[in-house]
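Notes to accompany the following structure.
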Amino acid sequence: MPTIESIEQIVDFIKAALHAAAGEAAAGMPSAFERPKDTEHGDFASNLALLLAPVLHESPRAIAEGIVGRLRLPPEVVDGVEIAGPGFINVTLSPVVLRRGLMAALSQGEAFGRLSTGRGLRAQVEFVSANPTGPLTIGHGRQAVLGDAIARVLDNAGYQVDREYYFNDAGRQIRMLGESVRAQYLTLLGRPADVPEGGYHGEYVRGIAEAFRADRGDAEGETDVDVFSDFGKNAAFGGIQRTLERLRVRFDSYYSEASLYETGRIADTLRAMREVGVSYVKDGAEWLAGTSLGLDQDWVMVRGTGEPTYRLPDIAYHRHKLERGYDLVVDVFGADHQATYPVVLAAVQALGGDTSRFQVLIHQFVTVKRGGQDVRMSKRSGEFLTLDWLLDEVGVDAVRYFFLLRVRSSHLAFDIDLALRQSEENPVFYVQYAHARTAGILRFAAESGIGGEEPFDPTVLTQREELALIREILQFPVVLRQVTESLEPQKITVCLRTVATAFHQFYQHHRVIGDDRELSWARLGLVRATRLVLARGLSLLGVEAPERM
RNA sequence: GCACCCGUAGCUCAAAGGAUAGAGCAUCUGACUUCGGAUCAGAGGGCUGCAGGUUCGAGUCCUGCCGGGUGUACCA
């Protein structure tokens with residue numbers, strides 16, 4: 001019997017035994033050995049016989065019988081092996097293994113579920129990257145929470161993680177902001193001015209203008225627009241950072257697009273493209289020869305005016321990410337960037353960059369429904385719902401959990417009325433309640449002198465609900481491995497809900513603290529392990545694990 | 001027009017190509033004299049948008065439609 005530090009070792013052990021019993025034909029065959037959807041089918045199911053059937057020209061069930069007949073597994077590992085359905089081999093773990101897994105989890109403590117896949121590696125996660133022209137919207141919220149959770153997951157896997165926010169502080173958008181602020185400022189001075197075409201109309205622009213007036217007085221009417229731009233940018237950025245702080249999102253670095261010009265990286269990238277021969281001049285503009293790189297069209301890098309498009313800095317920026325030595329670079333973008341990243345990656349690759357280090361994650365947009373109607377969000381028309389407003393309404397835990405509940409590829413319809421009406425019944429409370437309950441039980445045990453940290457004999461844990469809960473607890477590291485590979489943190493929310501459910505069921509059926517001291521201690525150990533998983537999982541999502549509610 | 005994403009229970013969403021498609025919310029019926037009822041037990045609810053194809057096996061892969069979203073700028 002192998003030493004048990006995780007359920008994964010047992011799985012590998014049994015899987016290898018199955019392959020050995022299947023003979024040479026199974027060598028190197030990528031069989032599945034996974035948890036079946038239906039718990040009646042055991043802890044793990046192998047499809048090996050199904051895969052071998054076409055190779056051996058035999059019925060899958062006959063092959064499965066052969067495998068099971070030759071299978072030699074220690075009885076303390078496996079409780080039962082069954083052939084079911086078309087030829088699945090279902091394996092049920094023994095309570096002995098489950099209990100050992102529980103003890104291992106408890107002895108690992110905070111390290112339970114921690115991985116070593118990223119040990120010694122550096123990762124960067126870029127997300128939000130909203131230009132400082134106004135408050136963050138609900139849509140930005142999804143990205144902020146998603147990127148932050150991914151960073152936490154990578155950190156858990158042993159990566160040294162940097163969170164980066166890239167922003168454009170020099171382009172046309174910022175100039176527009178400046179002109180919009182100036183127009184509002186002039187209006188405040190009693191010299192009504194129109195916000196320019198394409199400018200910003202939101203209420204916040206007037207707020208910035210008022211702040212400007214309070215700061216600089218009334219004599220700035222003729223001042224250059226750059227002054228207004230700078231002021232507006234700083235004001236907007238300050239607001240963004242306050243919002244992010246409320247959302248429990250912190251960045252290690254803010255990367256300015258303008259700095260790419262100052263450091264010469266723009267010019268350098270342009271020069272490199274010419275050297276490699278992937279750019280050409282046409283109609284006074286400089287183009288990236290996209291079609292020669294497998295893209296469906298060529299793209300302008302430098303306009304006829306001599307001003308680069310946003311794509312060139314993007315390429316220079318991504319080259320710099322690689323130069324900074326990251327082993328993994330995760331870009332979290334909204335669906336509106338889906339056309340951009342293939343161009344950036346193709347160009348970086350053409351310039352010799354190792355693009356296999358990039359992971360581009362596109363998340364779909366959040367649409368907002370209120371009163372049964374879609375609310376269109378457009379920052380420039382001033383028509384949007386801010387993240388601050390949402391945080392005011394439902395609180396940070398609900399916002400984070402809600403956004404992490406969905407896969408990123410799915411459109412998220414945020415029904416405001418529903419969110420507000422159900423704010424008390426948000427799924428986050430179910431999991432938080434389970435955690436508070438574990439804390440409550442442990443508190444009670446300590447207060448009533450039972451203790452709770454005593455060593456115990458796990459063999460007294462024999463009830464169905466106890467073993468079911470242990471099974472779910474032991475899934476935690478497996479789930480984290482999946483999440484680290486797929487970068488899909490919503491799997492954590494599923495895992496936590498399952499653990500919480502198993503715990504509530506256990507609690508409903510069995511008294512933790514009773515006359516039987518030995519049993520009480522063992523069950524308290526189970527409660528401790530539950531609490532550990534819930535707290536660790538919630539912390540990976542950036543959601544609070546309350547002691548009381 | 002073309003490219004990418006999405007259509008699954010009334011609603012919001014899950015399901016490495018695996019077995020009878022699952023959860024929550026909502027609806028209905030039940031359950032506490034004891035550790036937290038924000039809980040638990042149960043019921044109803046589906047031609048997985050439509051039509052073909054590949055496969056022992058398709059919600060998942062391929063093709064074509066239909067519907068929604070996002071791109072497709074010498075705007076960012």
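Residue numbering restarts at 1 in every chain; chains get A, B, ... in the order shown in the structure tokens, and ligands count up from 1 in that same order.
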
Inset, instruction - Would you return as a ChimeraX atom specification the members of stretch 249-395 of chain A that DSSP assigns to helix (DSSP H, G or I) on this structure's backbone? - result: /A:257-262,265-276,290-293,311-323,335-337,340-350,355-357,387-394

Inset, instruction - Do me a favour and pick out the residues of chain B within 9 Å of chain A, using only C-alpha atoms (C1' of nucleotides), as an NGL selection string. - result: :B and (3-6 or 12-16 or 18-19 or 22-25 or 34-36 or 38-40 or 56 or 69-72 or 74-76)

Legend entry - Contacts of stretch 63-68 of chain B at 9 Å (only C-alpha atoms (C1' of nucleotides); same-chain gap of 5+ positions) as a ChimeraX atom specification: /B:6-7,49-53

Would you write out those residues with C-alpha atoms (C1' of nucleotides), as a PDB file, in the first residue's frame?
ATOM      1  C1'   C B   6     -22.950  31.616 -26.229  1.00  0.00           C
ATOM      2  C1'   G B   7     -28.089  28.925 -26.844  1.00  0.00           C
ATOM      3  C1'   G B  49     -32.181  26.058 -30.417  1.00  0.00           C
ATOM      4  C1'   C B  50     -33.127  23.069 -35.418  1.00  0.00           C
ATOM      5  C1'   A B  51     -31.281  19.358 -39.189  1.00  0.00           C
ATOM      6  C1'   G B  52     -27.607  16.088 -40.672  1.00  0.00           C
ATOM      7  C1'   G B  53     -22.685  13.552 -39.836  1.00  0.00           C
TER       8        G B  53
END

Inset, instruction - Please identify all polymer residues within 8 Å of B:U48, counting only C-alpha atoms (C1' of nucleotides), omitting same-chain residues fewer than 6 positions from it, and present them as a ChimeraX atom specification. - result: /B:8,21,59

Grab the residues selected above and save them as a PDB file, in the first residue's frame with all heavy atoms.
ATOM      1  P     U B   8     -30.222  27.877 -23.000  1.00  0.00           P
ATOM      2  OP1   U B   8     -31.687  28.081 -23.057  1.00  0.00           O
ATOM      3  OP2   U B   8     -29.391  28.575 -22.011  1.00  0.00           O
ATOM      4  O5'   U B   8     -29.937  26.325 -22.902  1.00  0.00           O
ATOM      5  C5'   U B   8     -30.811  25.395 -23.523  1.00  0.00           C
ATOM      6  C4'   U B   8     -30.768  24.083 -22.795  1.00  0.00           C
ATOM      7  O4'   U B   8     -29.384  23.643 -22.650  1.00  0.00           O
ATOM      8  C3'   U B   8     -31.276  24.110 -21.358  1.00  0.00           C
ATOM      9  O3'   U B   8     -32.688  24.049 -21.294  1.00  0.00           O
ATOM     10  C2'   U B   8     -30.603  22.876 -20.779  1.00  0.00           C
ATOM     11  O2'   U B   8     -31.235  21.702 -21.245  1.00  0.00           O
ATOM     12  C1'   U B   8     -29.224  22.964 -21.423  1.00  0.00           C
ATOM     13  N1    U B   8     -28.244  23.693 -20.610  1.00  0.00           N
ATOM     14  C2    U B   8     -27.690  23.027 -19.528  1.00  0.00           C
ATOM     15  O2    U B   8     -27.992  21.888 -19.238  1.00  0.00           O
ATOM     16  N3    U B   8     -26.781  23.749 -18.803  1.00  0.00           N
ATOM     17  C4    U B   8     -26.381  25.042 -19.040  1.00  0.00           C
ATOM     18  O4    U B   8     -25.552  25.555 -18.300  1.00  0.00           O
ATOM     19  C5    U B   8     -26.992  25.664 -20.171  1.00  0.00           C
ATOM     20  C6    U B   8     -27.884  24.987 -20.889  1.00  0.00           C
ATOM     21  P     A B  21     -30.744  10.913 -18.604  1.00  0.00           P
ATOM     22  OP1   A B  21     -32.124  11.388 -18.630  1.00  0.00           O
ATOM     23  OP2   A B  21     -30.051  10.627 -19.876  1.00  0.00           O
ATOM     24  O5'   A B  21     -29.901  11.995 -17.804  1.00  0.00           O
ATOM     25  C5'   A B  21     -28.513  11.834 -17.615  1.00  0.00           C
ATOM     26  C4'   A B  21     -27.860  13.183 -17.462  1.00  0.00           C
ATOM     27  O4'   A B  21     -27.896  13.870 -18.735  1.00  0.00           O
ATOM     28  C3'   A B  21     -28.591  14.126 -16.505  1.00  0.00           C
ATOM     29  O3'   A B  21     -28.148  13.933 -15.186  1.00  0.00           O
ATOM     30  C2'   A B  21     -28.200  15.501 -17.028  1.00  0.00           C
ATOM     31  O2'   A B  21     -26.922  15.872 -16.549  1.00  0.00           O
ATOM     32  C1'   A B  21     -28.102  15.245 -18.524  1.00  0.00           C
ATOM     33  N9    A B  21     -29.308  15.639 -19.249  1.00  0.00           N
ATOM     34  C8    A B  21     -30.324  14.847 -19.682  1.00  0.00           C
ATOM     35  N7    A B  21     -31.264  15.492 -20.327  1.00  0.00           N
ATOM     36  C5    A B  21     -30.823  16.804 -20.320  1.00  0.00           C
ATOM     37  C6    A B  21     -31.367  17.987 -20.843  1.00  0.00           C
ATOM     38  N6    A B  21     -32.514  18.040 -21.513  1.00  0.00           N
ATOM     39  N1    A B  21     -30.675  19.132 -20.649  1.00  0.00           N
ATOM     40  C2    A B  21     -29.527  19.076 -19.981  1.00  0.00           C
ATOM     41  N3    A B  21     -28.917  18.031 -19.446  1.00  0.00           N
ATOM     42  C4    A B  21     -29.620  16.916 -19.656  1.00  0.00           C
ATOM     43  P     G B  59     -26.130  13.888 -26.077  1.00  0.00           P
ATOM     44  OP1   G B  59     -25.796  13.051 -24.932  1.00  0.00           O
ATOM     45  OP2   G B  59     -27.377  13.645 -26.815  1.00  0.00           O
ATOM     46  O5'   G B  59     -26.147  15.414 -25.617  1.00  0.00           O
ATOM     47  C5'   G B  59     -26.712  16.400 -26.467  1.00  0.00           C
ATOM     48  C4'   G B  59     -26.142  17.752 -26.153  1.00  0.00           C
ATOM     49  O4'   G B  59     -26.081  17.923 -24.722  1.00  0.00           O
ATOM     50  C3'   G B  59     -24.686  17.927 -26.608  1.00  0.00           C
ATOM     51  O3'   G B  59     -24.633  18.379 -27.943  1.00  0.00           O
ATOM     52  C2'   G B  59     -24.168  18.979 -25.643  1.00  0.00           C
ATOM     53  O2'   G B  59     -24.573  20.276 -26.053  1.00  0.00           O
ATOM     54  C1'   G B  59     -24.921  18.622 -24.349  1.00  0.00           C
ATOM     55  N9    G B  59     -24.127  17.788 -23.450  1.00  0.00           N
ATOM     56  C8    G B  59     -24.331  16.462 -23.158  1.00  0.00           C
ATOM     57  N7    G B  59     -23.452  15.982 -22.303  1.00  0.00           N
ATOM     58  C5    G B  59     -22.630  17.065 -22.023  1.00  0.00           C
ATOM     59  C6    G B  59     -21.506  17.166 -21.177  1.00  0.00           C
ATOM     60  O6    G B  59     -20.999  16.280 -20.477  1.00  0.00           O
ATOM     61  N1    G B  59     -20.962  18.452 -21.187  1.00  0.00           N
ATOM     62  C2    G B  59     -21.450  19.497 -21.929  1.00  0.00           C
ATOM     63  N2    G B  59     -20.785  20.645 -21.822  1.00  0.00           N
ATOM     64  N3    G B  59     -22.497  19.422 -22.728  1.00  0.00           N
ATOM     65  C4    G B  59     -23.039  18.184 -22.721  1.00  0.00           C
TER      66        G B  59
END

Legend entry - Contacts of stretch 65-72 of chain A at 8 Å (only C-alpha atoms (C1' of nucleotides); same-chain gap of 5+ positions) as a list of chain:residue names: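 That gives A:Ala17, A:Leu18, A:Ala21, A:Ala22, A:Val81, A:Ile83, A:Ile89.
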
Inset, instruction - Please provide the set of residues having any atom within 6 Å of stretch 461-478 of chain A, restricted to only C-alpha atoms (C1' of nucleotides), with same-chain residues fewer than 3 positions apart removed, written as a list of chain:residue names. - result: A:Gly113, A:Pro458, A:Arg481, A:Val499, A:Ala502, A:Phe506

Determine, counting only C-alpha atoms (C1' of nucleotides), which protein, DNA and RNA residues have an atom within 10 Å of an atom of stretch 24-29 of chain A; residues of the same chain fewer than 5 positions away are not included. Present the result as a short mmCIF file (atom, residue, chain, number, x, y, z; two decimals) with C-alpha atoms, in the first residue's frame.
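File result.cif, as written:
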data_model
loop_
_atom_site.label_atom_id
_atom_site.label_comp_id
_atom_site.auth_asym_id
_atom_site.auth_seq_id
_atom_site.Cartn_x
_atom_site.Cartn_y
_atom_site.Cartn_z
CA ALA A 16 -1.35 1.70 -12.75
CA LEU A 18 -5.50 -1.56 -13.85
CA HIS A 19 -3.15 -0.96 -16.75
CA LEU A 48 -9.98 1.22 -20.11
CA ALA A 49 -12.00 -1.77 -21.32
CA LEU A 51 -10.88 1.84 -25.15
CA LEU A 52 -9.35 -1.60 -25.60
CA VAL A 55 -8.01 -2.83 -30.48
CA LEU A 56 -8.56 -6.34 -29.14
#

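For the pair atom CA of A:Gly199 and atom CA of A:Arg242, the separation is 24.0 Å.
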
Inset, instruction - Just the strand (DSSP E) stuff from stretch 197-319 of chain A, please, per backbone DSSP, written as a PyMOL selection string. - result: chain A and resi 253-256+279-282+285-288+299-302

Inset, instruction - Find the distance between atom CA of A:Arg517 and atom CA of A:Leu532 and write it in Å to one decimal. - result: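 Answer for the atom CA of A:Arg517 to atom CA of A:Leu532 separation: 22.3 Å.
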